[in-house]
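Comments concern the structure below.
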Amino acid sequence: MIDLNAEKQVNKRLVEYAAHAKGAIALAIVMLVLAVAAQLAGPFVAKAIINRHIMGIQQVWYEVTPRAGGAVEWEGKWYVRADRMPAQSKRLNPHTLVAVGTRTYFLDGVVSHVARGNEAGQIREQEGGRSQLITARPLTRQQLFSFYRPEIPGVIRLALVYFGLLAGAAIFLYGQQYLLQVSANRILQRMRKDVFHQIHRLPIRYFDNLPAGKVVSRITNDTEAIRDFYVNVLANVLSSIATMVGIYVALFILNVWLGLMASILIPILIVWIWLYRRATVSVNVRIRALLSEINAMLNETIQGVPIIRAFHREQRTQAEFDELNQAYYDGQTRLLRVNSATGFNLAGVFRNSFFIAVIAIFGWRSMHLESLVSFGVLYAFVDYLNRLFQPVTQVVNQLANLEQARASAVRVFELLDEPGVDPVFGSIPRFCGEVEFDHVTFSYDGEHNVLKNVSFRAQPGQTVALVGHTGSGKSSIINLLFRFYDPQGGQIRIDGVDIRTIAPQQLRQHLGIVLQDPYLFTGTVAWNVSLGDERVSRARVEQALRDVGADRLLAHLPNGWDEPVLEGGSTLSAGERQLISFARALAFDPAILVLDEATASIDSETERLIQDALSVLKRGRTTFIIAHRLSTIRDADLILVLDAGEIVERGTHDELIRLGGKYRQMYELQTNMAPASGA
Amino acid sequence: MFQVLWKLRWFFWQQRKRYAIAVGLLLFLNFVEVAPPDIVGRAIDLMNQRGMTAGTLWDLVGALALVIVISYTCGFTWQYQLYGGARVLELSLRKRLMRHFLQMTPRFFEQNRTGDLMARSTNDLNAVSQTAGFGILTLIDSTTYSATILVTMGSLDGWRLTLLSLVPMPFIALAMTKYGKMLHERFTLAQDAFGDMNDRVLETIAGIRVVRAYAQEKHEEERFAATMADVYRKNIAVARIDALFDPTISMLVGITYLIGLGYGTYLVFQSQLTIGQLTSFNVYLGMLIWPMLAFGQLINIMQRGNASLDRVNETLAYKPDVVDPPTTVAVDRPEEIRFEHLTFRYPTSDRDNLSDIELVIRRGETLGIVGRTGSGKSTLLRQLLREYPPSQTGALTIGGVRIEQIAMDIVHGWLGYVPQNPMLFSRSVRDNVRFGRHDATDAEVLEALRLADFVKDLERLPNGLDTLVGERGISLSGGQKQRIALARALLVDPEILILDDAMSAVDARTEAHIIESIRSVRQGRTTLIASHRMSAVAHADWIVVMDDGRIAEEGTFADLMAQGGWYAQQYERQQAYGEEALDDSDAIALAEERG
C-alpha cells in the first residue's frame, strides 16, 4: 500500500527542506569524502608494505660496490635489489631470492618459476616445458633478516603515512558528523518554525475539530521523527553510501578484475533491501499502531481504574489488554524472524561466499601458475571486502526508522498544506464601539444555518446581553465578531466599517474577551495580564489587577503579582482565574468587550467581587455578555433572546418581562423553580 | 550492576530452554566465527608457498561453505531465541503491570502520578527487556567472544604481537564509557528542553482563542523561537559529544591495525610470522572492535536495566490496599444499607473525614446528600465502593453483613456509579454505554441514552452510536460526558445507583428532566444522589446535609424546609439568585454550537 506519487512528493519536500542547510551539508559531504578516502587509503598502505617490502625482496639482486645504499652482504659480496638500481648502472652477478614453502633461498643466476623439489634442500625450476632440479641451502633467519633490513625505513615511512591518514580521517569524520547533526537540527528548527507559524494561519475551525494533543504531536513528536530521518539519512545512509562507493573505487584502482567481481554485490544488495522492505513495511506499521494503542489503553486504565472496578470490568479489561499485548508480541516476533533471517546473518553469508570465491579463483590460478594479482593486492581485497559489509548492514538497520520518519513527514506536510491566512499586524485607530449586525446568516458546515438573518445594533458604551439555550447561536455571534469565522450572508460593521475589510489581528486590537473557563498560561500572574505584550506596561498591569479587585482575592500569594502560574492555572481557584482574565481584558483597554459568563459555582463573596469587577470592566466600552444567569443582566441596555439562530425577542429586561414571552418563561423557571418532583 | 540478571533469575529459569539454546549457540559460534580468517590466511600462505593443490583447495572451500551453513543456521537460531526472550519478558511484565493496576485503589494512584506509571510501563519496561536480549549478547560477546579471538590471535604468534596491538583497546572502552556518561548528561538536558517545548506548544494550542483574541501571534512565535533556540543549543551540545564516538573508535582501531601491521611486518622479516598469518591477524583485530564496543554498551544496558527493573518491581510490590477476607459472607440482595456510627479518615488525612455517621437506607429508597464542597458528600458515597481499608470505628453493613465481609465482586456487581468528573474511554459511544454490560443490545443502549437525555445530542454526533469519544475521539462538553456516564450506569440497571454530583455540568432543566426519568425506572431500587443543587434532591425519601464530615441536618424535603436550616437557606438563595445555568458549561464555550 505504498502510494508511489505521494512517496516521491514527500521525498522531494524533505530534500527541499534540506536545502535550508545546504552549505553545511555540502561542507559535511566534502569532509565525508575526505574521511572515507583517508580511511580507505589504509589497505593501500598495507598493500604497499606487503608488496614492496615483504614480497618485494623476492626478486633478482645484482652485485654492487660494498656498503652501497640498500645493499646486503652475502658471502663477502654486496647485492642490491634490481628495482632499487639506477637505470643506467651495470647489472653484474645476478642472484635470485626465492621463497619455496617456508624456506627462502638466495640462488645464483636469474631464476623464475620455482617449486618445491622432491627432497629436502632441492627446488625445481620450471621454465617453459622443461624443469630442472637445483640443490641449495635455505637462508637462516639471520641471513634472511639481513635481506629485509634495508626495508625497515621504508616500512616506518609508510606507517607514518598511515598514521597521518588516520589522524586526518578522524578529524574529517568528526567535522562531518558534527556538521550533519547541526544541519539536521537547523532543518528541524526551520520546519518547526514553519509549522508553528502555520498554527497561527489556520482557521480556528481546525482546532475545534482536532484534539490539542494531536496538533501538539505534529509540531513536536512528528518533527522529532523527521529529525531522526535527517540524522540517519545524512549521517548513516550517506556515509554508508560514500564508504561503499569509496571501497568500490579502491577496488577498481587495486584491480579492475577484482572490482568487477565485487560489483556482483550491488544488484544483490538492491534486491535484498527491496525484499526486506516488502517483508517488513506492513508489519512495522501494524506494530507501531498496536504499541500506541497499548500505551493509550494503559494510560486510560491508570486513570479509569475506579470506574473499571466499580463496573466490575477488571477481567474484561485485562482480557482486552492481553489480546492487544499478544498481537503486539506476535507482530514483533514476525519482525524478529525477518530480521534474524536477513540482517547481519545474511551479510555474513555474503561475506563468506565472497571469501570462497576469492579462494577458489586465486587458488586455482596459483595452481596453474598464472599469477593474476599480487599478494598485497589480495590482502587489501580481503580487507576491503570485510569493510564493505559494515555499511550494508547499517543501511538495512536504518530502514525501519526511515519508514517511521516518512509517515511522520506525511502528517507534518499535511498540516503545512492546510489552507490558512497570514496574520497582518499594524495598528489601526481605536473604535468608538458601534457594532452592527446587518442580516447576518452563517453556517459552520455550509448546510445548517446556525444564524439566520440576524440584525441588531449596539451603540458605543452599551451593554448587550445574549440569551438562549445551547445551539441557539449566541457563541456564533461572538465568533463572527472576532472574525474567527466569516458569515455567508449579510454584513457586520463596526463604526460603520465592514469588518471583512479589516485584518483579523488589527480588528482584535480593540476587542477584548473573557472566556467562560479563563485560560491561563504558564508564567506569572502579571505576565498573564500583559501576555508579554510590550504595549502593556507593568504599571498598567498592576492598575488593572487592582481595579478588578484582584488585590483582595490574591493577597495570599507569597510572591504577589509575580507568583508563578502553573499548569494552566490549576493551582488557582475558578474565581481567581476569572479575575485575572478580567484584569487582562482591562489592561488591553478594548473598545468592545465580550464576556462569556462563568457557570462554575463560586462562593458568594467571590461572586460579589466578580460582579463589582464586571461593572468596572464594562465602563466606557461596548460590552456583549453571553449570559447564563438572567439575574446578572437585568440592567443590560439590550437583551437579545436567541432561538435556533434567530433573534426571537429583543428589548430591556423590563420590556421583555412585560412582553411575557420566552424570556419571561426562562426567567421564571430560573427564579421560581418548583421542586423537580413537580416539574 | 549485574544484579539485574540475578533479579531476573525467575525469568531465565522459566525460559531456561530458550536461553540455553541461545547462549550455547553464541558460545559455539565464537569458535566458528574465527575460522574464516584462518582459512583465508591459510589459503594465502599456500598460494604464496606454491603449495596449493586441488585437494587442499577443495578442503578450504568446503570448510568455508560449512562455516557459512553453520553460522547462518546458528546465527538465526540464537538471534531469534535471544531477542524472542526479551519480547517474552516485555509481554509478561506488561501483563503483570496491567493486572496490578487493575487491583489498585485510589490511594495507589494518588501516590503515583499517571505520567510516572506510564513511564514505568513503557520506557522502563523497554530497558528491562533490552537487558534480557541485547544485554545478554553484549555480555557474551564482550567476555567469551573477545577471549576466543584473543586466544586465537595469541596462538598465532605467541602473544607478543597480540598484546602489543591490544594496547589501544582499553582506551576504546575507557573513551566509550566516558563519552557515554557525558552524552547521557547532555541528552537528559536536551530531553528536558524538548519537554519544555512540548508544554509550550500545548499551551499555545489550548489557549489559541486567547492568543487570537488578543492578537498575540507574533509574541507567541517569538516565545516559541526562544524555546526552539534552547532546544537547538542543547541538541548541538549532544551532537558535539555524539560526533566524537566514531572518530575516536576509528582512530584507536587504526592505531591497533598500525601496530599489528608494523610490528607484524617486522616479525615476518624475522621469519616468526608468515604473510598469511599476518593477514589473518589483522582480520582478527577487526573482529575485536565489536566486543570492545559491546563492553561499553554492556555497562550501560545493565545499569539502566537495573534501575528500571527496580522501578517496575517497586510498582509491582505495592500490595493492594483492599482485599477480600479469606472467608466471605454471601448476601443475595442488598436489602438495607446501614451506616452504624461510621467514622472514616483517608490514609493521608490528619483528621476524620466522616464522623459518627448514622444512617439507614432501605431497598428502593432514594437518599439525597447535599453540603458544601469538602463537607464529605463524596466520601460518604464512596464508602460503598470499598476503595479504602475498612474503617476502624463503626460499620457499614449491607443486608446486615459488614461490607468488608462481602466479596468485592458481589458488591461491585450491585453498583452503578457516576462520578462528578466522568471518565469516558476511547471507544464508541455504544461501547462506553455498554461498559458494564457488554452484551447489551442497541435498543437497550438507546433506552439508557434516552433516560440520560442524550438522544438529541446523539443525533448531532458525526457517527451516532459509533462515534469515537474519550481522549482519542471527538471532544464532548462536560455535560455530554456526564450524561453518557449516566447512561453507562443506568444500562447496568444496578441495585444501588450512586450519583456523585453527576449532573453538575447539566443545566437545571435537563437535570430535572433526567431525575424524573430515573425515578420512573428506579422503582424498588436504591438510589443515592449527591448534588450542589438543592432542587436536585428535593424528591428524595430522605435528605442529609453534610458539614465537616458530620450529618448536620436530615429529613424529608418538607422537614428540612420547615426547619429553616442550611438546606432551606440554600434552597431559597438558589431559587432567588438564579444560580442555575441555562446550558451546559462547555469548556470551550465558543465552539459549542458546531452542528
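In the C-alpha cells, chains take the letters A, B, ... in the order shown, each chain's residues start at 1, and ligands count up from 1 in the order shown.
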Might you pull out every residue within 7 Å of range 258-261 of chain B, with only C-alpha atoms counted and same-chain residues fewer than 4 positions away left off, and present them as a PyMOL selection string?
(chain A and resi 159) or (chain B and resi 161+165+254+265+282)
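The closest residue to Gln3 in chain B, picked from B:Arg99, B:Arg460, B:Arg338, B:Arg304 and counting only C-alpha atoms, is B:Arg304.
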Quick one: everything within 9 Å of Tyr79 in chain A, counting only C-alpha atoms, minus sequence neighbours fewer than 2 positions away in the same chain. Send it as a PyMOL selection string.
chain A and resi 61-66+68+70-74+77+81+93-95
Export N, CA and C atoms of the chosen residues as a PDB file, in the first residue's frame?
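selection32.pdb, written as the output of this step:
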```
ATOM      1  N   TRP A  61      68.715  -9.926  -7.583  1.00  0.00           N
ATOM      2  CA  TRP A  61      69.644  -8.972  -6.952  1.00  0.00           C
ATOM      3  C   TRP A  61      70.926  -8.929  -7.756  1.00  0.00           C
ATOM      4  N   TYR A  62      71.573  -7.759  -7.826  1.00  0.00           N
ATOM      5  CA  TYR A  62      72.843  -7.628  -8.559  1.00  0.00           C
ATOM      6  C   TYR A  62      73.922  -7.159  -7.608  1.00  0.00           C
ATOM      7  N   GLU A  63      75.141  -7.553  -7.981  1.00  0.00           N
ATOM      8  CA  GLU A  63      76.256  -7.171  -7.115  1.00  0.00           C
ATOM      9  C   GLU A  63      76.569  -5.694  -7.289  1.00  0.00           C
ATOM     10  N   VAL A  64      76.875  -5.042  -6.190  1.00  0.00           N
ATOM     11  CA  VAL A  64      77.270  -3.623  -6.254  1.00  0.00           C
ATOM     12  C   VAL A  64      78.501  -3.414  -5.404  1.00  0.00           C
ATOM     13  N   THR A  65      78.976  -2.199  -5.375  1.00  0.00           N
ATOM     14  CA  THR A  65      80.131  -1.883  -4.547  1.00  0.00           C
ATOM     15  C   THR A  65      79.741  -2.056  -3.087  1.00  0.00           C
ATOM     16  N   PRO A  66      80.691  -2.480  -2.242  1.00  0.00           N
ATOM     17  CA  PRO A  66      80.374  -2.707  -0.816  1.00  0.00           C
ATOM     18  C   PRO A  66      79.764  -1.484  -0.169  1.00  0.00           C
ATOM     19  N   ALA A  68      77.056  -0.034  -0.425  1.00  0.00           N
ATOM     20  CA  ALA A  68      76.217   0.906  -1.167  1.00  0.00           C
ATOM     21  C   ALA A  68      74.872   1.008  -0.467  1.00  0.00           C
ATOM     22  N   GLY A  70      71.299   0.518   0.635  1.00  0.00           N
ATOM     23  CA  GLY A  70      70.330  -0.560   0.455  1.00  0.00           C
ATOM     24  C   GLY A  70      70.969  -1.886   0.077  1.00  0.00           C
ATOM     25  N   ALA A  71      72.271  -1.954   0.136  1.00  0.00           N
ATOM     26  CA  ALA A  71      72.944  -3.191  -0.267  1.00  0.00           C
ATOM     27  C   ALA A  71      73.013  -4.174   0.896  1.00  0.00           C
ATOM     28  N   VAL A  72      73.023  -5.461   0.543  1.00  0.00           N
ATOM     29  CA  VAL A  72      73.045  -6.514   1.547  1.00  0.00           C
ATOM     30  C   VAL A  72      74.283  -7.374   1.294  1.00  0.00           C
ATOM     31  N   GLU A  73      74.938  -7.747   2.404  1.00  0.00           N
ATOM     32  CA  GLU A  73      76.147  -8.553   2.233  1.00  0.00           C
ATOM     33  C   GLU A  73      75.787 -10.019   2.164  1.00  0.00           C
ATOM     34  N   TRP A  74      76.360 -10.715   1.207  1.00  0.00           N
ATOM     35  CA  TRP A  74      76.122 -12.162   1.048  1.00  0.00           C
ATOM     36  C   TRP A  74      77.435 -12.802   0.615  1.00  0.00           C
ATOM     37  N   LYS A  77      80.192 -10.554  -0.624  1.00  0.00           N
ATOM     38  CA  LYS A  77      79.883  -9.594  -1.682  1.00  0.00           C
ATOM     39  C   LYS A  77      78.594  -8.862  -1.324  1.00  0.00           C
ATOM     40  N   ARG A  81      68.687  -4.875  -4.630  1.00  0.00           N
ATOM     41  CA  ARG A  81      67.509  -5.289  -5.401  1.00  0.00           C
ATOM     42  C   ARG A  81      67.504  -4.638  -6.766  1.00  0.00           C
ATOM     43  N   ASN A  93      76.621 -10.086 -11.835  1.00  0.00           N
ATOM     44  CA  ASN A  93      76.487 -11.229 -10.943  1.00  0.00           C
ATOM     45  C   ASN A  93      75.073 -11.374 -10.382  1.00  0.00           C
ATOM     46  N   PRO A  94      74.124 -11.679 -11.261  1.00  0.00           N
ATOM     47  CA  PRO A  94      72.742 -11.754 -10.761  1.00  0.00           C
ATOM     48  C   PRO A  94      72.514 -12.932  -9.815  1.00  0.00           C
ATOM     49  N   HIS A  95      71.734 -12.674  -8.764  1.00  0.00           N
ATOM     50  CA  HIS A  95      71.287 -13.712  -7.844  1.00  0.00           C
ATOM     51  C   HIS A  95      69.775 -13.561  -7.723  1.00  0.00           C
TER      52      HIS A  95
END
```
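Running DSSP on the backbone gives alpha helix (DSSP H) for these residues within range 91-128 of chain B: Leu91, Ser92, Leu93, Arg94, Lys95, Arg96, Leu97, Met98, Arg99, His100, Phe101, Leu102, Gln103, Pro106, Arg107, Phe108, Phe109, Glu110, Gln111, Thr114, Gly115, Asp116, Leu117, Met118, Ala119, Leu125, Asn126, Ala127 and Val128 of chain B.
Take the candidates A:Thr135, A:Gln459, A:Gln315, A:Thr243 and check each one against Leu385 in chain A using only C-alpha atoms; the shortest distance goes to A:Thr243.
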All residues 6 Å or closer to range 400-414 of chain A, only C-alpha atoms, same chain fewer than 2 positions away omitted, as a PyMOL selection string
chain A and resi 218+222+225-226+229+398+416-417
If DSSP is run on the backbone, what residues of range 446-505 of chain B are strand (DSSP E)? A reply as a PyMOL selection string would be ideal.
chain B and resi 496-500
Need the shell around Asn528 in chain A: protein/DNA/RNA residues with any atom at most 8 Å away, counting only C-alpha atoms. Skip same-chain ones fewer than 5 positions apart. Format as JSON, numbers by chain?
{"A": [520, 521, 523, 580, 581, 584]}
Atoms to include: N, CA and C atoms. Write the selected residues as a compact mmCIF listing (two decimals), in the first residue's frame.
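The new file again.txt reads:
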```
# COMPACT_ATOMS: atom_id res chain seq x y z
N LEU A 520 -5.22 30.32 31.48
CA LEU A 520 -4.01 30.99 31.95
C LEU A 520 -2.80 30.25 31.42
N PHE A 521 -1.77 31.03 31.06
CA PHE A 521 -0.53 30.46 30.55
C PHE A 521 0.45 30.27 31.68
N GLY A 523 3.58 31.06 33.56
CA GLY A 523 4.26 32.34 33.65
C GLY A 523 3.89 32.91 35.01
N ILE A 580 -8.22 37.30 37.10
CA ILE A 580 -7.00 37.57 36.33
C ILE A 580 -7.35 37.82 34.86
N SER A 581 -8.30 37.04 34.35
CA SER A 581 -8.64 37.26 32.94
C SER A 581 -9.42 38.56 32.77
N ARG A 584 -6.78 41.11 32.57
CA ARG A 584 -6.16 41.04 31.25
C ARG A 584 -6.97 41.88 30.26
```
Do a neighbour search on Ala568 in chain B at 9 Å with only C-alpha atoms, toss out local chain neighbours closer than 6 positions, and write the hits as a ChimeraX atom specification.
/B:534,557,560-562
Convert the current residue selection to file output with N, CA and C atoms, as a short mmCIF file (atom, residue, chain, number, x, y, z; two decimals), in the first residue's frame.
```cif
data_model
loop_
_atom_site.label_atom_id
_atom_site.label_comp_id
_atom_site.auth_asym_id
_atom_site.auth_seq_id
_atom_site.Cartn_x
_atom_site.Cartn_y
_atom_site.Cartn_z
N MET B 534 -29.87 22.11 45.43
CA MET B 534 -30.83 21.68 46.45
C MET B 534 -32.05 21.05 45.80
N PHE B 557 -37.76 16.62 52.39
CA PHE B 557 -37.72 17.98 51.90
C PHE B 557 -38.59 18.89 52.77
N LEU B 560 -37.00 19.58 56.17
CA LEU B 560 -35.86 20.49 56.14
C LEU B 560 -36.30 21.92 55.87
N MET B 561 -37.28 22.06 54.97
CA MET B 561 -37.76 23.40 54.69
C MET B 561 -38.41 23.99 55.95
N ALA B 562 -39.08 23.13 56.67
CA ALA B 562 -39.72 23.60 57.89
C ALA B 562 -38.70 24.00 58.93
#
```
When you look at Phe582 in chain A with a cut-off of 10 Å (counting only C-alpha atoms), what residues show up, excluding the ones that are within fewer than 6 positions of it in the same chain? I need them as a PyMOL selection string.
chain A and resi 512-515+518+529+544-545+547-550+576+595+610+613-614+616-617
Export of prior selection with all heavy atoms as a compact mmCIF listing (two decimals), in the first residue's frame:
```
# COMPACT_ATOMS: atom_id res chain seq x y z
N GLY A 512 -11.86 42.79 23.24
CA GLY A 512 -11.37 42.02 24.39
C GLY A 512 -12.34 40.91 24.68
O GLY A 512 -13.52 41.02 24.37
N ILE A 513 -11.83 39.82 25.25
CA ILE A 513 -12.73 38.71 25.55
C ILE A 513 -12.36 38.09 26.88
O ILE A 513 -11.20 38.01 27.25
CB ILE A 513 -12.71 37.66 24.42
CG1 ILE A 513 -13.89 36.69 24.59
CG2 ILE A 513 -11.40 36.90 24.40
CD1 ILE A 513 -14.16 35.84 23.37
N VAL A 514 -13.37 37.67 27.62
CA VAL A 514 -13.16 36.90 28.83
C VAL A 514 -13.91 35.59 28.62
O VAL A 514 -15.13 35.59 28.46
CB VAL A 514 -13.70 37.62 30.07
CG1 VAL A 514 -13.56 36.74 31.30
CG2 VAL A 514 -12.97 38.93 30.27
N LEU A 515 -13.16 34.49 28.54
CA LEU A 515 -13.78 33.21 28.27
C LEU A 515 -14.41 32.64 29.53
O LEU A 515 -14.03 32.97 30.65
CB LEU A 515 -12.75 32.23 27.73
CG LEU A 515 -12.18 32.55 26.35
CD1 LEU A 515 -11.05 31.60 26.03
CD2 LEU A 515 -13.27 32.45 25.31
N PRO A 518 -11.52 30.68 31.97
CA PRO A 518 -10.40 31.50 31.50
C PRO A 518 -9.12 30.68 31.41
O PRO A 518 -8.82 29.91 32.31
CB PRO A 518 -10.28 32.59 32.55
CG PRO A 518 -11.06 32.14 33.71
CD PRO A 518 -12.04 31.12 33.26
N VAL A 529 -1.56 38.82 32.65
CA VAL A 529 -2.36 40.01 32.37
C VAL A 529 -1.85 40.69 31.10
O VAL A 529 -2.62 41.02 30.21
CB VAL A 529 -2.33 40.97 33.57
CG1 VAL A 529 -3.03 42.28 33.22
CG2 VAL A 529 -3.00 40.32 34.78
N ALA A 544 -4.67 47.45 36.57
CA ALA A 544 -5.79 46.62 36.11
C ALA A 544 -6.15 45.60 37.18
O ALA A 544 -7.32 45.37 37.47
CB ALA A 544 -5.43 45.93 34.80
N LEU A 545 -5.14 44.98 37.76
CA LEU A 545 -5.39 43.96 38.79
C LEU A 545 -6.09 44.59 40.00
O LEU A 545 -7.01 44.01 40.57
CB LEU A 545 -4.09 43.29 39.21
CG LEU A 545 -3.59 42.20 38.24
CD1 LEU A 545 -2.12 41.91 38.45
CD2 LEU A 545 -4.40 40.92 38.41
N ASP A 547 -7.89 47.36 39.93
CA ASP A 547 -9.22 47.83 39.54
C ASP A 547 -10.27 46.71 39.57
O ASP A 547 -11.43 46.95 39.88
CB ASP A 547 -9.19 48.44 38.13
CG ASP A 547 -8.53 49.82 38.15
OD1 ASP A 547 -8.29 50.32 39.28
OD2 ASP A 547 -8.24 50.37 37.08
N VAL A 548 -9.87 45.49 39.23
CA VAL A 548 -10.86 44.41 39.25
C VAL A 548 -10.96 43.79 40.64
O VAL A 548 -11.72 42.86 40.86
CB VAL A 548 -10.56 43.31 38.22
CG1 VAL A 548 -10.60 43.85 36.81
CG2 VAL A 548 -9.23 42.63 38.51
N GLY A 549 -10.16 44.31 41.57
CA GLY A 549 -10.25 43.82 42.94
C GLY A 549 -9.44 42.57 43.18
O GLY A 549 -9.64 41.88 44.18
N ALA A 550 -8.52 42.26 42.26
CA ALA A 550 -7.72 41.04 42.43
C ALA A 550 -6.77 41.16 43.60
O ALA A 550 -6.31 40.16 44.14
CB ALA A 550 -6.95 40.76 41.14
N GLU A 576 -10.40 33.13 41.11
CA GLU A 576 -9.11 33.82 40.93
C GLU A 576 -8.73 33.90 39.46
O GLU A 576 -8.29 34.94 38.97
CB GLU A 576 -8.02 33.11 41.74
CG GLU A 576 -8.18 33.30 43.24
CD GLU A 576 -7.33 32.34 44.06
OE1 GLU A 576 -6.85 31.33 43.50
OE2 GLU A 576 -7.15 32.58 45.25
N LEU A 595 -17.96 39.12 27.19
CA LEU A 595 -17.85 38.35 28.41
C LEU A 595 -18.65 37.08 28.26
O LEU A 595 -19.85 37.13 27.97
CB LEU A 595 -18.46 39.13 29.57
CG LEU A 595 -17.66 40.27 30.12
CD1 LEU A 595 -18.54 41.08 31.06
CD2 LEU A 595 -16.45 39.75 30.85
N ILE A 610 -16.70 39.56 41.76
CA ILE A 610 -16.69 39.46 40.31
C ILE A 610 -17.73 40.39 39.70
O ILE A 610 -17.48 41.05 38.68
CB ILE A 610 -16.91 37.99 39.88
CG1 ILE A 610 -15.59 37.24 40.11
CG2 ILE A 610 -17.36 37.88 38.44
CD1 ILE A 610 -15.62 35.80 39.79
N ALA A 613 -16.22 43.74 39.76
CA ALA A 613 -15.19 43.85 38.74
C ALA A 613 -15.83 44.05 37.38
O ALA A 613 -15.34 44.81 36.54
CB ALA A 613 -14.32 42.60 38.74
N LEU A 614 -16.93 43.36 37.19
CA LEU A 614 -17.63 43.45 35.91
C LEU A 614 -18.06 44.87 35.60
O LEU A 614 -17.90 45.36 34.48
CB LEU A 614 -18.87 42.57 35.96
CG LEU A 614 -18.78 41.24 35.21
CD1 LEU A 614 -20.03 40.43 35.44
CD2 LEU A 614 -18.59 41.52 33.74
N VAL A 616 -16.74 47.55 36.69
CA VAL A 616 -15.54 48.33 36.37
C VAL A 616 -15.17 48.10 34.92
O VAL A 616 -14.88 49.02 34.16
CB VAL A 616 -14.36 47.92 37.29
CG1 VAL A 616 -13.06 48.58 36.83
CG2 VAL A 616 -14.65 48.26 38.74
N LEU A 617 -15.23 46.84 34.55
CA LEU A 617 -14.79 46.43 33.24
C LEU A 617 -15.66 47.01 32.12
O LEU A 617 -15.18 47.40 31.07
CB LEU A 617 -14.85 44.90 33.20
CG LEU A 617 -13.87 44.15 32.31
CD1 LEU A 617 -12.46 44.62 32.58
CD2 LEU A 617 -13.98 42.66 32.59
```
Report, in Å with one decimal, the straight-line distance from CA of Phe389 in chain A to CA of Met244 in chain A.
8.8 Å
Which range 309-376 of chain A residues have any atom within 12 Å of an atom of range 26-43 of chain B, and for each, what is the nearest pair of atoms with distance in Å to one decimal, counting only C-alpha atoms, rows sorted by chain and number, as CSV?
```
residue,atom,partner,partner_atom,distance
A:Asn345,CA,B:Glu33,CA,11.6
A:Gly348,CA,B:Glu33,CA,9.7
A:Val349,CA,B:Pro36,CA,11.2
A:Arg351,CA,B:Pro36,CA,9.8
A:Asn352,CA,B:Pro36,CA,7.2
A:Ser353,CA,B:Pro36,CA,10.4
A:Phe354,CA,B:Val40,CA,10.9
A:Phe355,CA,B:Val40,CA,7.1
A:Ile356,CA,B:Val40,CA,8.6
A:Ala357,CA,B:Val40,CA,10.9
A:Val358,CA,B:Val40,CA,8.8
A:Ile359,CA,B:Ala43,CA,6.5
A:Ala360,CA,B:Ala43,CA,9.3
A:Ile361,CA,B:Ala43,CA,11.1
A:Phe362,CA,B:Ala43,CA,9.0
A:Gly363,CA,B:Ala43,CA,7.1
A:Trp364,CA,B:Ala43,CA,10.8
A:Ser366,CA,B:Ala43,CA,10.3
A:Met367,CA,B:Ala43,CA,11.7
A:Phe375,CA,B:Ala43,CA,11.1
```
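Distance annotation: of B:Met408, B:Pro325, B:Val429, B:Thr467, the residue with the minimal separation from Leu446 in chain B is B:Val429; atom set is only C-alpha atoms.
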Could you jot down the CA of Ile496 in chain B to CA of Arg522 in chain B separation for me, Å, one decimal place?
9.5 Å
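Interatomic distance, CA of Phe381 in chain A to CA of Met292 in chain B: 25.0 Å.
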The residue from A:Val536, A:Leu238, A:Leu290, A:Ala380 with the smallest atom-to-atom distance to Gln177 in chain A, counting only C-alpha atoms, is A:Leu238
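Comparing A:Glu293, A:Glu436, A:Glu75, A:Asp643 by their smallest distance to His469 in chain A, the closest is A:Asp643 (using only C-alpha atoms).
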Counting only C-alpha atoms, the residue of B:Trp6, B:Tyr72, B:Phe344, B:Tyr263 that sits nearest chain A
B:Tyr72
